[in-house]
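Reviewing the structure listed below.
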Amino acid sequence: MRDWSLRLGDPLYLSLAADARLCKPDYLNDHIWEVELGAADPAFVSLYTTFGLRARSMRLYLRFTENNTSVTDPNTFVVKPTLRRYYPNFLTLDFVPLENLHVTTEYWVPESHAVAGRIIFTNKSNAIRQIKLELCAALSPLDGQSIIPTQQQLVNILAGQTSGIAPVVFMTGGPKHGPGPQPSLLLELELGPGSTRQISFAEAALDTVAQSFELARRSAARPWEAERARIEMLDASQVLDIRTGDPDWDAALAFSQKAAHGLFFSGSEQLPNPSFVNARHIDNGFSRKGDGADYPPSWNGQSPLESYYISSILQGAPQITKHLILNFLSTQNEDGEVDGKPGINGQRGKLIAAPLLASLAWRYYQTTQDDAFLAEVFPKLIKFFWAWFSSTHDRNRDGAPEWDHILQTGFDDNPIFDVWNPWSQGLDISLVHSPSLEAMLYREARSIVQIARKLGKHEEETMLVQSQAELLKTSLAASWNANQSFYSYRDRETGLVSTGKVIAKKRGDGNLRPKVEFERGVRLLIEIQTKNPAARRPEVEISEYFTKSKGEVETILGHQFQWRTGGLVATTQKLFTRVGRIGITGLDEKDKVIVKLIDTTGEDITLALPLWAGIPEAQQANALIGRNISTADRFDRPFGFPSLAVSPDPEADAVSMSVTFPWNQLIGEGLLIYGFRAEATLLTVHLMSAVIQNLKQNRSFYQRYHAEKGTGIGERNSLQGFAPVGLFMQALGVTILSSTKVKLEGRNLFPWPVTIKYKGITIVRGLEQTVVTFLNGESVIVKEEQACIVEM
């Protein structure tokens, strides 16, 4: 078991929550804690929470007193706290608050409504010492009552009330109530030379003080050593112990795996297997409605892209991938459609899932050789694949479907389609061919064919799938922009890239006469700019000629407009070769209407996904990577690939420069498919730099990171910002298939040897050779770069 020695200034992640592998966390009322090591003001070694915003704050901290000298600030300790052990629900700190008084503090979240602690004192001096220990509690309630000293069953406790729960603090050893300014439980300890003493405490928050007291007392009395051993054994069986030449990397890779395990909740009647939330921090975990319907997007379901990413992080627990796939397939309807965001308490995204499930299933099988699982899911995966080609999603039946909504894409802020930012266009995404969707479907087709062959299916069963893949490949070829060596969005009907251009604008109701003609049909975007938050939705009529009797006419009714920042927006369903008249009704006189050609020229990271699908020929792939992915003024930035190659607006910096790790993971895998191992290794280095910077400075992961500055953007402790463990392993060229089998390929291009330990197997990936040692002591040395399987 690895012992760390991490302190403030090192990479740290100090969130604790109930672990679904060891208990059944309460999805609707989950108390999540953070440990503070002196970075807050005032500074304490403390446990901190808001009970999911049911309190402004709740803090438990320690005070040590000897000879009338008290210390609480860890910055004044003789030896400041260091983190020695960390698991999703448990951590160990070591520090020396007073001269020759060594203290180990362990914090443990045994279930969703309680937290426990153990304090171990060791007197390293030759004197008998009188030490006072106080466990202090500070509650700032939203309503109710702050913490007060009280009794329950003649036992001294601390208790308070906030938002319908009653936090109670209990301590073993028969404490008194402390005299300090904050309510506390006080123990007076006599420690002989070299002696050790341990004290346990617990906090619980249920509906009443009596209920909370019983839970706190039970939690403090649980068999600590046995529980810790259970936690450590579970961790060793499901987490890769990765040791690089850089301790910062080691910590970030370890924290990411453990934090990812900590995102899971148990399965439910509505979702059969364990599933995850996207972030678990102190403000999360409480549903005021009591059913999770009020939870934010990070807590209301598993998406395919995030499922792909978390499965790549948790390489030591491949069964998680299986469970996530089965969760998706449990929502499949008779038409084959699978919900894109099924939630633990029955939430549904109500959009068809992004097509990544067959790719996930094939990757899971390559690690586990689980034939029964493949046979079970194969017919469902084929049905899901074909669901994408119904007229609901392939609206013009050309064999290349369209996204239904921007929320399916995994890039919600795409300025071509987004409506929430003022610089965004708000184009209807169902009106364009998206290379990312076509690339996903192409790889799904390839994965289905591979699964069919593995199951011994006849070639005839997948011939149609292969034919469909060729149609997708043809559509993607049409999206290739040779001038930019990059893929482009294209209009669904014309198949052309459209450059935005304003053709008419005015204020208020009335008619516009642009009198413009086009060689080929164009699609128009109608933008209404208004400062009135209660503005009515207008009606717009567009005619090819000034009179209605001739040419195409399209009427955009009020319900077809979508609200956006600063007004409304709508896209024409018809194409126009000329525009003679635009009539507008329903506007205030100060409202402004702008009519423009749609603009599909924007370039974002998702347009490189055909690399991941293995679609471009080698020459095209080399050009795409050389001119875009590996070019500093395009996507090659110090902290990863940004979302956009060019920002649409100076105010859009946080979007355009945001690095989203799941997309970087996919593009990194694409680099490896085409043999660009050095580039994939460099990408991993860039992403790790962002993670480590934020773990050091803020003790947090973030949803995204700034490509140039590395600063965190978006929600704290989000899965989307966890270190890319999967990409690191792939760039390293190591795939652990089992405790007796390893796949190696390529060379280690990182600047140091890497040692990986997992279930008794040890892999030392040097710069020139690799040594694999199995549990029985047998070793194999590999010097070749060709892909090979090493097994016992």
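Note on naming: chains are A, B, ... as they come in the structure tokens, residues start from 1 per chain, ligands start from 1 in the order shown.
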
With stretch 401-410 of chain A as the partner and 9 Å as the cut-off, tabulate the residues of stretch 275-307 of chain A that qualify, each row holding the nearest pair of atoms and their distance in Å to one decimal, using only C-alpha atoms, sorted by chain and rising number, as JSON lines.
{"residue": "A:Ser303", "atom": "CA", "partner": "A:Gln408", "partner_atom": "CA", "distance": 8.4}
{"residue": "A:Pro304", "atom": "CA", "partner": "A:Gly410", "partner_atom": "CA", "distance": 8.8}
{"residue": "A:Leu305", "atom": "CA", "partner": "A:Gly410", "partner_atom": "CA", "distance": 6.6}
{"residue": "A:Glu306", "atom": "CA", "partner": "A:Gly410", "partner_atom": "CA", "distance": 8.3}

For the residues in that selection, give me all heavy atoms as a CSV table (one decimal), in the first residue's frame.
chain,number,residue,atom,x,y,z
A,303,SER,N,-24.0,10.3,-19.6
A,303,SER,CA,-24.0,10.5,-21.1
A,303,SER,C,-23.0,9.6,-21.7
A,303,SER,O,-22.0,9.1,-21.0
A,303,SER,CB,-23.7,12.0,-21.4
A,303,SER,OG,-22.3,12.2,-21.3
A,304,PRO,N,-23.1,9.3,-23.0
A,304,PRO,CA,-22.2,8.3,-23.6
A,304,PRO,C,-20.7,8.9,-23.6
A,304,PRO,O,-19.8,8.1,-23.4
A,304,PRO,CB,-22.7,8.2,-25.1
A,304,PRO,CG,-24.2,8.5,-24.9
A,304,PRO,CD,-24.3,9.6,-23.9
A,305,LEU,N,-20.5,10.2,-23.9
A,305,LEU,CA,-19.2,10.7,-24.0
A,305,LEU,C,-18.5,10.6,-22.6
A,305,LEU,O,-17.3,10.2,-22.5
A,305,LEU,CB,-19.2,12.1,-24.5
A,305,LEU,CG,-17.8,12.8,-24.7
A,305,LEU,CD1,-16.9,12.0,-25.7
A,305,LEU,CD2,-17.9,14.2,-25.2
A,306,GLU,N,-19.2,11.0,-21.6
A,306,GLU,CA,-18.7,11.0,-20.2
A,306,GLU,C,-18.5,9.5,-19.8
A,306,GLU,O,-17.5,9.2,-19.0
A,306,GLU,CB,-19.6,11.8,-19.3
A,306,GLU,CG,-19.5,13.3,-19.5
A,306,GLU,CD,-20.7,14.0,-19.2
A,306,GLU,OE1,-21.7,13.3,-18.9
A,306,GLU,OE2,-20.7,15.3,-19.3

Residues near stretch 456-467 of chain A, cut-off 8 Å, only C-alpha atoms, skip fewer than 4 positions along chain, as a ChimeraX atom specification: /A:445-446,448-449,452,471

Selection export as an mmCIF file, in the first residue's frame, atoms kept: N, CA, C and O atoms:
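Here's the written file selection-v2.cif:
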data_model
loop_
_atom_site.group_PDB
_atom_site.id
_atom_site.type_symbol
_atom_site.label_atom_id
_atom_site.label_comp_id
_atom_site.auth_asym_id
_atom_site.auth_seq_id
_atom_site.Cartn_x
_atom_site.Cartn_y
_atom_site.Cartn_z
ATOM 1 N N ALA A 445 -20.177 1.161 -36.643
ATOM 2 C CA ALA A 445 -20.337 0.120 -37.663
ATOM 3 C C ALA A 445 -19.141 -0.833 -37.653
ATOM 4 O O ALA A 445 -19.306 -2.059 -37.703
ATOM 5 N N ARG A 446 -17.960 -0.268 -37.585
ATOM 6 C CA ARG A 446 -16.758 -1.113 -37.559
ATOM 7 C C ARG A 446 -16.732 -1.990 -36.309
ATOM 8 O O ARG A 446 -16.355 -3.169 -36.360
ATOM 9 N N ILE A 448 -19.337 -3.042 -34.586
ATOM 10 C CA ILE A 448 -20.366 -4.074 -34.729
ATOM 11 C C ILE A 448 -19.860 -5.214 -35.604
ATOM 12 O O ILE A 448 -20.077 -6.395 -35.310
ATOM 13 N N VAL A 449 -19.175 -4.884 -36.685
ATOM 14 C CA VAL A 449 -18.608 -5.923 -37.559
ATOM 15 C C VAL A 449 -17.581 -6.762 -36.803
ATOM 16 O O VAL A 449 -17.557 -8.002 -36.917
ATOM 17 N N ALA A 452 -19.419 -9.032 -34.429
ATOM 18 C CA ALA A 452 -20.066 -10.125 -35.167
ATOM 19 C C ALA A 452 -19.058 -11.214 -35.530
ATOM 20 O O ALA A 452 -19.348 -12.413 -35.403
ATOM 21 N N LEU A 471 -21.415 4.601 -46.893
ATOM 22 C CA LEU A 471 -22.153 5.846 -47.142
ATOM 23 C C LEU A 471 -21.678 6.961 -46.222
ATOM 24 O O LEU A 471 -21.537 8.115 -46.636
#

Residues flagged alpha helix (DSSP H) by DSSP in stretch 513-749 of chain A, as number ranges by chain: A: 610-613, 618-624, 653-656, 661-673, 677-697, 725-732

Among the residues A:Arg395, A:Arg129, A:Arg63, A:Lys574, the one that comes closest to A:Glu552 [using only C-alpha atoms]: A:Lys574

10 Å contact set for A:Arg2, only C-alpha atoms, chain neighbours under 4 positions out, as a list in words: Arg84, Arg85, Tyr86, Ala236 and Asp241 of chain A

Spatial neighbours of A:Pro318, 8 Å, only C-alpha atoms, chain gap at least 5 places, as a list in words: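 Contacts, with the query itself left out: Ser311, Tyr364, Thr367 and Thr368 of chain A.
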
If you count only C-alpha atoms, which residues fall within 8 Å of stretch 765-778 of chain A, apart from same-chain ones fewer than 2 positions away, as a PDB file with N, CA, C and O atoms, in the first residue's frame?
ATOM      1  N   SER A 739      -4.478 -10.086 -14.692  1.00  0.00           N
ATOM      2  CA  SER A 739      -3.320 -10.209 -13.802  1.00  0.00           C
ATOM      3  C   SER A 739      -2.261 -11.142 -14.371  1.00  0.00           C
ATOM      4  O   SER A 739      -1.181 -11.276 -13.792  1.00  0.00           O
ATOM      5  N   THR A 740      -2.558 -11.758 -15.511  1.00  0.00           N
ATOM      6  CA  THR A 740      -1.583 -12.669 -16.127  1.00  0.00           C
ATOM      7  C   THR A 740      -1.300 -12.331 -17.585  1.00  0.00           C
ATOM      8  O   THR A 740      -0.609 -13.085 -18.266  1.00  0.00           O
ATOM      9  N   ARG A 747       7.050   2.455 -28.046  1.00  0.00           N
ATOM     10  CA  ARG A 747       8.082   2.748 -27.048  1.00  0.00           C
ATOM     11  C   ARG A 747       7.546   3.727 -26.022  1.00  0.00           C
ATOM     12  O   ARG A 747       6.601   4.462 -26.272  1.00  0.00           O
ATOM     13  N   ASN A 748       8.190   3.744 -24.865  1.00  0.00           N
ATOM     14  CA  ASN A 748       7.913   4.745 -23.850  1.00  0.00           C
ATOM     15  C   ASN A 748       8.616   6.040 -24.241  1.00  0.00           C
ATOM     16  O   ASN A 748       9.836   6.133 -24.185  1.00  0.00           O
ATOM     17  N   LEU A 749       7.829   7.044 -24.633  1.00  0.00           N
ATOM     18  CA  LEU A 749       8.401   8.323 -25.060  1.00  0.00           C
ATOM     19  C   LEU A 749       8.351   9.378 -23.947  1.00  0.00           C
ATOM     20  O   LEU A 749       8.742  10.527 -24.177  1.00  0.00           O
ATOM     21  N   PHE A 750       7.875   8.988 -22.773  1.00  0.00           N
ATOM     22  CA  PHE A 750       7.937   9.907 -21.633  1.00  0.00           C
ATOM     23  C   PHE A 750       9.387   9.992 -21.148  1.00  0.00           C
ATOM     24  O   PHE A 750      10.201   9.105 -21.444  1.00  0.00           O
ATOM     25  N   PRO A 751       9.733  11.034 -20.407  1.00  0.00           N
ATOM     26  CA  PRO A 751      11.156  11.255 -20.073  1.00  0.00           C
ATOM     27  C   PRO A 751      11.680  10.372 -18.949  1.00  0.00           C
ATOM     28  O   PRO A 751      12.828  10.526 -18.558  1.00  0.00           O
ATOM     29  N   TRP A 752      10.851   9.458 -18.419  1.00  0.00           N
ATOM     30  CA  TRP A 752      11.301   8.625 -17.313  1.00  0.00           C
ATOM     31  C   TRP A 752      10.687   7.236 -17.445  1.00  0.00           C
ATOM     32  O   TRP A 752       9.654   7.042 -18.093  1.00  0.00           O
ATOM     33  N   PRO A 753      11.311   6.245 -16.820  1.00  0.00           N
ATOM     34  CA  PRO A 753      10.690   4.917 -16.753  1.00  0.00           C
ATOM     35  C   PRO A 753       9.396   4.998 -15.948  1.00  0.00           C
ATOM     36  O   PRO A 753       9.245   5.847 -15.071  1.00  0.00           O
ATOM     37  N   VAL A 754       8.470   4.122 -16.250  1.00  0.00           N
ATOM     38  CA  VAL A 754       7.184   4.085 -15.554  1.00  0.00           C
ATOM     39  C   VAL A 754       6.967   2.680 -15.006  1.00  0.00           C
ATOM     40  O   VAL A 754       7.140   1.695 -15.716  1.00  0.00           O
ATOM     41  N   THR A 755       6.587   2.613 -13.725  1.00  0.00           N
ATOM     42  CA  THR A 755       6.261   1.330 -13.100  1.00  0.00           C
ATOM     43  C   THR A 755       4.769   1.301 -12.794  1.00  0.00           C
ATOM     44  O   THR A 755       4.227   2.242 -12.217  1.00  0.00           O
ATOM     45  N   GLY A 760      -0.921  -7.882  -8.430  1.00  0.00           N
ATOM     46  CA  GLY A 760       0.210  -8.792  -8.383  1.00  0.00           C
ATOM     47  C   GLY A 760       1.136  -8.740  -9.577  1.00  0.00           C
ATOM     48  O   GLY A 760       2.227  -9.328  -9.561  1.00  0.00           O
ATOM     49  N   ILE A 761       0.743  -8.036 -10.639  1.00  0.00           N
ATOM     50  CA  ILE A 761       1.606  -7.896 -11.811  1.00  0.00           C
ATOM     51  C   ILE A 761       2.338  -6.563 -11.727  1.00  0.00           C
ATOM     52  O   ILE A 761       1.777  -5.561 -11.284  1.00  0.00           O
ATOM     53  N   THR A 762       3.614  -6.544 -12.110  1.00  0.00           N
ATOM     54  CA  THR A 762       4.420  -5.322 -12.113  1.00  0.00           C
ATOM     55  C   THR A 762       5.011  -5.127 -13.497  1.00  0.00           C
ATOM     56  O   THR A 762       5.661  -6.029 -14.042  1.00  0.00           O
ATOM     57  N   ILE A 763       4.774  -3.968 -14.076  1.00  0.00           N
ATOM     58  CA  ILE A 763       5.311  -3.638 -15.394  1.00  0.00           C
ATOM     59  C   ILE A 763       6.259  -2.463 -15.230  1.00  0.00           C
ATOM     60  O   ILE A 763       5.840  -1.397 -14.763  1.00  0.00           O
ATOM     61  N   VAL A 780       9.440 -11.376 -17.741  1.00  0.00           N
ATOM     62  CA  VAL A 780       9.654 -11.383 -19.189  1.00  0.00           C
ATOM     63  C   VAL A 780      10.195 -10.013 -19.584  1.00  0.00           C
ATOM     64  O   VAL A 780       9.683  -8.984 -19.145  1.00  0.00           O
ATOM     65  N   ILE A 781      11.259 -10.008 -20.386  1.00  0.00           N
ATOM     66  CA  ILE A 781      11.859  -8.759 -20.867  1.00  0.00           C
ATOM     67  C   ILE A 781      11.501  -8.588 -22.344  1.00  0.00           C
ATOM     68  O   ILE A 781      11.684  -9.508 -23.145  1.00  0.00           O
ATOM     69  N   VAL A 782      10.976  -7.412 -22.698  1.00  0.00           N
ATOM     70  CA  VAL A 782      10.582  -7.117 -24.072  1.00  0.00           C
ATOM     71  C   VAL A 782      11.334  -5.880 -24.538  1.00  0.00           C
ATOM     72  O   VAL A 782      11.303  -4.840 -23.875  1.00  0.00           O
ATOM     73  N   LYS A 783      12.016  -5.998 -25.678  1.00  0.00           N
ATOM     74  CA  LYS A 783      12.763  -4.861 -26.237  1.00  0.00           C
ATOM     75  C   LYS A 783      12.180  -4.394 -27.565  1.00  0.00           C
ATOM     76  O   LYS A 783      12.486  -3.292 -28.015  1.00  0.00           O
ATOM     77  N   GLU A 784      11.342  -5.207 -28.211  1.00  0.00           N
ATOM     78  CA  GLU A 784      10.797  -4.868 -29.519  1.00  0.00           C
ATOM     79  C   GLU A 784       9.680  -3.830 -29.394  1.00  0.00           C
ATOM     80  O   GLU A 784       9.009  -3.749 -28.373  1.00  0.00           O
ATOM     81  N   VAL A 790       2.140 -10.316 -23.676  1.00  0.00           N
ATOM     82  CA  VAL A 790       2.999 -10.999 -22.699  1.00  0.00           C
ATOM     83  C   VAL A 790       2.090 -11.628 -21.663  1.00  0.00           C
ATOM     84  O   VAL A 790       1.269 -10.932 -21.050  1.00  0.00           O
ATOM     85  N   MET A 792       1.579 -14.978 -18.560  1.00  0.00           N
ATOM     86  CA  MET A 792       2.224 -15.943 -17.688  1.00  0.00           C
ATOM     87  C   MET A 792       1.989 -17.361 -18.209  1.00  0.00           C
ATOM     88  O   MET A 792       0.895 -17.689 -18.629  1.00  0.00           O
TER      89      MET A 792
END

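Within 6 Å of stretch 496-507 of chain A there are Arg490, Asp491, Thr494, Pro514, Lys590, Asp591, Lys592, Val593, Ile594, Val595, Lys596, Leu597, Ile598, Asp599 and Thr600 of chain A, counting only C-alpha atoms and ignoring same-chain residues fewer than 2 positions away.
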
Atoms kept (all heavy atoms) for selection, written as a CSV table (one decimal), in the first residue's frame:
chain,number,residue,atom,x,y,z
A,490,ARG,N,-21.6,20.9,-43.1
A,490,ARG,CA,-22.2,21.2,-44.4
A,490,ARG,C,-23.7,21.2,-44.2
A,490,ARG,O,-24.3,20.5,-43.4
A,490,ARG,CB,-21.9,20.1,-45.4
A,490,ARG,CG,-20.4,20.0,-45.7
A,490,ARG,CD,-20.1,18.9,-46.7
A,490,ARG,NE,-20.5,17.6,-46.2
A,490,ARG,CZ,-21.4,16.8,-46.8
A,490,ARG,NH1,-22.0,17.1,-47.9
A,490,ARG,NH2,-21.7,15.6,-46.3
A,491,ASP,N,-24.4,22.0,-45.1
A,491,ASP,CA,-25.8,22.1,-45.1
A,491,ASP,C,-26.4,20.7,-45.4
A,491,ASP,O,-25.9,20.0,-46.3
A,491,ASP,CB,-26.3,23.1,-46.1
A,491,ASP,CG,-27.8,23.3,-46.0
A,491,ASP,OD1,-28.6,22.5,-46.6
A,491,ASP,OD2,-28.3,24.2,-45.3
A,494,THR,N,-28.0,20.9,-49.3
A,494,THR,CA,-27.1,21.3,-50.4
A,494,THR,C,-25.8,20.6,-50.3
A,494,THR,O,-25.1,20.4,-51.4
A,494,THR,CB,-26.9,22.8,-50.4
A,494,THR,OG1,-26.1,23.2,-49.3
A,494,THR,CG2,-28.2,23.6,-50.4
A,514,PRO,N,-34.7,42.7,-49.7
A,514,PRO,CA,-33.3,42.5,-50.0
A,514,PRO,C,-32.9,42.4,-51.5
A,514,PRO,O,-31.9,42.8,-51.9
A,514,PRO,CB,-32.9,41.2,-49.2
A,514,PRO,CG,-34.2,40.7,-48.6
A,514,PRO,CD,-35.3,41.6,-49.0
A,590,LYS,N,-38.6,49.1,-31.1
A,590,LYS,CA,-37.2,49.1,-30.8
A,590,LYS,C,-36.5,47.8,-31.1
A,590,LYS,O,-35.3,47.7,-31.1
A,590,LYS,CB,-37.0,49.5,-29.4
A,590,LYS,CG,-37.4,51.0,-29.1
A,590,LYS,CD,-37.1,51.3,-27.6
A,590,LYS,CE,-37.5,52.8,-27.3
A,590,LYS,NZ,-37.2,53.1,-25.9
A,591,ASP,N,-37.3,46.7,-31.3
A,591,ASP,CA,-36.7,45.4,-31.6
A,591,ASP,C,-36.0,45.5,-33.0
A,591,ASP,O,-36.5,46.1,-33.9
A,591,ASP,CB,-37.7,44.3,-31.6
A,591,ASP,CG,-38.3,44.1,-30.2
A,591,ASP,OD1,-37.7,44.6,-29.2
A,591,ASP,OD2,-39.4,43.5,-30.1
A,592,LYS,N,-34.9,44.7,-33.1
A,592,LYS,CA,-34.1,44.7,-34.3
A,592,LYS,C,-34.2,43.3,-34.9
A,592,LYS,O,-34.0,42.3,-34.2
A,592,LYS,CB,-32.7,45.2,-34.1
A,592,LYS,CG,-31.9,45.3,-35.3
A,592,LYS,CD,-30.5,45.9,-35.0
A,592,LYS,CE,-29.6,46.1,-36.2
A,592,LYS,NZ,-28.3,46.6,-35.9
A,593,VAL,N,-34.4,43.2,-36.2
A,593,VAL,CA,-34.4,42.0,-36.9
A,593,VAL,C,-33.2,42.0,-37.9
A,593,VAL,O,-33.0,43.0,-38.6
A,593,VAL,CB,-35.7,41.7,-37.6
A,593,VAL,CG1,-36.0,42.7,-38.7
A,593,VAL,CG2,-35.7,40.3,-38.3
A,594,ILE,N,-32.5,40.9,-37.9
A,594,ILE,CA,-31.3,40.7,-38.8
A,594,ILE,C,-31.5,39.4,-39.5
A,594,ILE,O,-31.7,38.4,-38.9
A,594,ILE,CB,-30.0,40.7,-38.0
A,594,ILE,CG1,-29.8,42.0,-37.3
A,594,ILE,CG2,-28.8,40.5,-39.0
A,594,ILE,CD1,-28.6,42.0,-36.3
A,595,VAL,N,-31.4,39.4,-40.9
A,595,VAL,CA,-31.6,38.3,-41.7
A,595,VAL,C,-30.2,38.0,-42.4
A,595,VAL,O,-29.6,38.9,-43.0
A,595,VAL,CB,-32.7,38.4,-42.8
A,595,VAL,CG1,-32.8,37.2,-43.6
A,595,VAL,CG2,-34.0,38.8,-42.1
A,596,LYS,N,-29.7,36.8,-42.2
A,596,LYS,CA,-28.4,36.5,-42.7
A,596,LYS,C,-28.3,35.1,-43.3
A,596,LYS,O,-29.2,34.2,-42.9
A,596,LYS,CB,-27.3,36.7,-41.6
A,596,LYS,CG,-27.5,35.8,-40.4
A,596,LYS,CD,-26.4,36.0,-39.3
A,596,LYS,CE,-26.7,37.2,-38.5
A,596,LYS,NZ,-25.8,37.3,-37.3
A,597,LEU,N,-27.3,34.8,-44.1
A,597,LEU,CA,-27.1,33.4,-44.5
A,597,LEU,C,-26.5,32.7,-43.3
A,597,LEU,O,-25.7,33.3,-42.5
A,597,LEU,CB,-26.1,33.4,-45.7
A,597,LEU,CG,-26.4,34.2,-46.9
A,597,LEU,CD1,-25.4,33.9,-48.0
A,597,LEU,CD2,-27.8,34.0,-47.4
A,598,ILE,N,-26.8,31.4,-43.1
A,598,ILE,CA,-26.2,30.6,-42.1
A,598,ILE,C,-24.7,30.5,-42.3
A,598,ILE,O,-24.2,30.6,-43.4
A,598,ILE,CB,-26.8,29.2,-41.9
A,598,ILE,CG1,-26.5,28.4,-43.2
A,598,ILE,CG2,-28.3,29.3,-41.6
A,598,ILE,CD1,-26.9,26.9,-43.0
A,599,ASP,N,-24.0,30.4,-41.2
A,599,ASP,CA,-22.5,30.3,-41.3
A,599,ASP,C,-22.1,29.0,-40.7
A,599,ASP,O,-22.3,28.7,-39.5
A,599,ASP,CB,-21.9,31.4,-40.5
A,599,ASP,CG,-20.4,31.5,-40.8
A,599,ASP,OD1,-19.8,30.5,-41.2
A,599,ASP,OD2,-19.8,32.6,-40.6
A,600,THR,N,-21.6,28.1,-41.6
A,600,THR,CA,-21.1,26.8,-41.1
A,600,THR,C,-19.6,26.6,-41.2
A,600,THR,O,-19.0,25.5,-41.2
A,600,THR,CB,-21.7,25.6,-41.9
A,600,THR,OG1,-21.3,25.7,-43.3
A,600,THR,CG2,-23.3,25.7,-41.8

Picked from stretch 62-304 of chain A by DSSP as strand (DSSP E), as a PyMOL selection string: chain A and resi 62-66+69-71+79-87+90-98+101-111+114-123+129-141+144-152+155-162+166-171+176-177+184-191+196-206+241-243+264-265+275-276

Point-to-point distance from atom CA of A:Ala375 to atom CA of A:Arg443, Å rounded to tenths: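 Pair atom CA of A:Ala375 / atom CA of A:Arg443 returns 19.2 Å.
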
Two-atom distance - atom CA of A:Ala279, atom CA of A:Val109 (Å):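 The value is 17.1 Å.
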
One-decimal distance in Å that lies between atom CA of A:Trp388 and atom CA of A:Ala354: 9.3 Å

Contacts of stretch 684-690 of chain A within 6 Å, only C-alpha atoms, excl. fewer than 5 positions in-chain, as a VMD selection string: chain A and resid 638 to 640 710

Output file for the residues above (N, CA, C and O atoms, as an mmCIF file, in the first residue's frame):
data_model
loop_
_atom_site.group_PDB
_atom_site.id
_atom_site.type_symbol
_atom_site.label_atom_id
_atom_site.label_comp_id
_atom_site.auth_asym_id
_atom_site.auth_seq_id
_atom_site.Cartn_x
_atom_site.Cartn_y
_atom_site.Cartn_z
ATOM 1 N N PRO A 638 -0.418 25.026 -24.913
ATOM 2 C CA PRO A 638 0.373 24.501 -23.786
ATOM 3 C C PRO A 638 -0.387 23.582 -22.834
ATOM 4 O O PRO A 638 0.220 22.764 -22.148
ATOM 5 N N PHE A 639 -1.727 23.706 -22.782
ATOM 6 C CA PHE A 639 -2.489 22.901 -21.826
ATOM 7 C C PHE A 639 -3.559 22.049 -22.512
ATOM 8 O O PHE A 639 -4.557 21.690 -21.899
ATOM 9 N N GLY A 640 -3.345 21.709 -23.777
ATOM 10 C CA GLY A 640 -4.262 20.819 -24.466
ATOM 11 C C GLY A 640 -4.926 21.472 -25.664
ATOM 12 O O GLY A 640 -4.731 22.653 -25.953
ATOM 13 N N GLY A 710 -3.959 27.456 -18.414
ATOM 14 C CA GLY A 710 -4.109 26.295 -17.553
ATOM 15 C C GLY A 710 -5.078 26.492 -16.407
ATOM 16 O O GLY A 710 -5.282 25.580 -15.606
#

Nearest residue to A:Gln319 from the set A:Lys383, A:Arg637, A:Arg363, A:Lys515 (distances using only C-alpha atoms):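 Checking each of A:Lys383, A:Arg637, A:Arg363, A:Lys515 against A:Gln319, counting only C-alpha atoms, the winner is A:Arg363.
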
Nearest residue to A:Met1 from the set A:Leu189, A:Ser543, A:Arg228, A:Arg222 (distances using only C-alpha atoms):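 Closest candidate: A:Arg228.
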
Nearest-residue call for A:Ala39, choices A:Leu666, A:Arg699, A:Gly285, A:Ala645, using only C-alpha atoms: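 Closest to A:Ala39, using only C-alpha atoms: A:Arg699.
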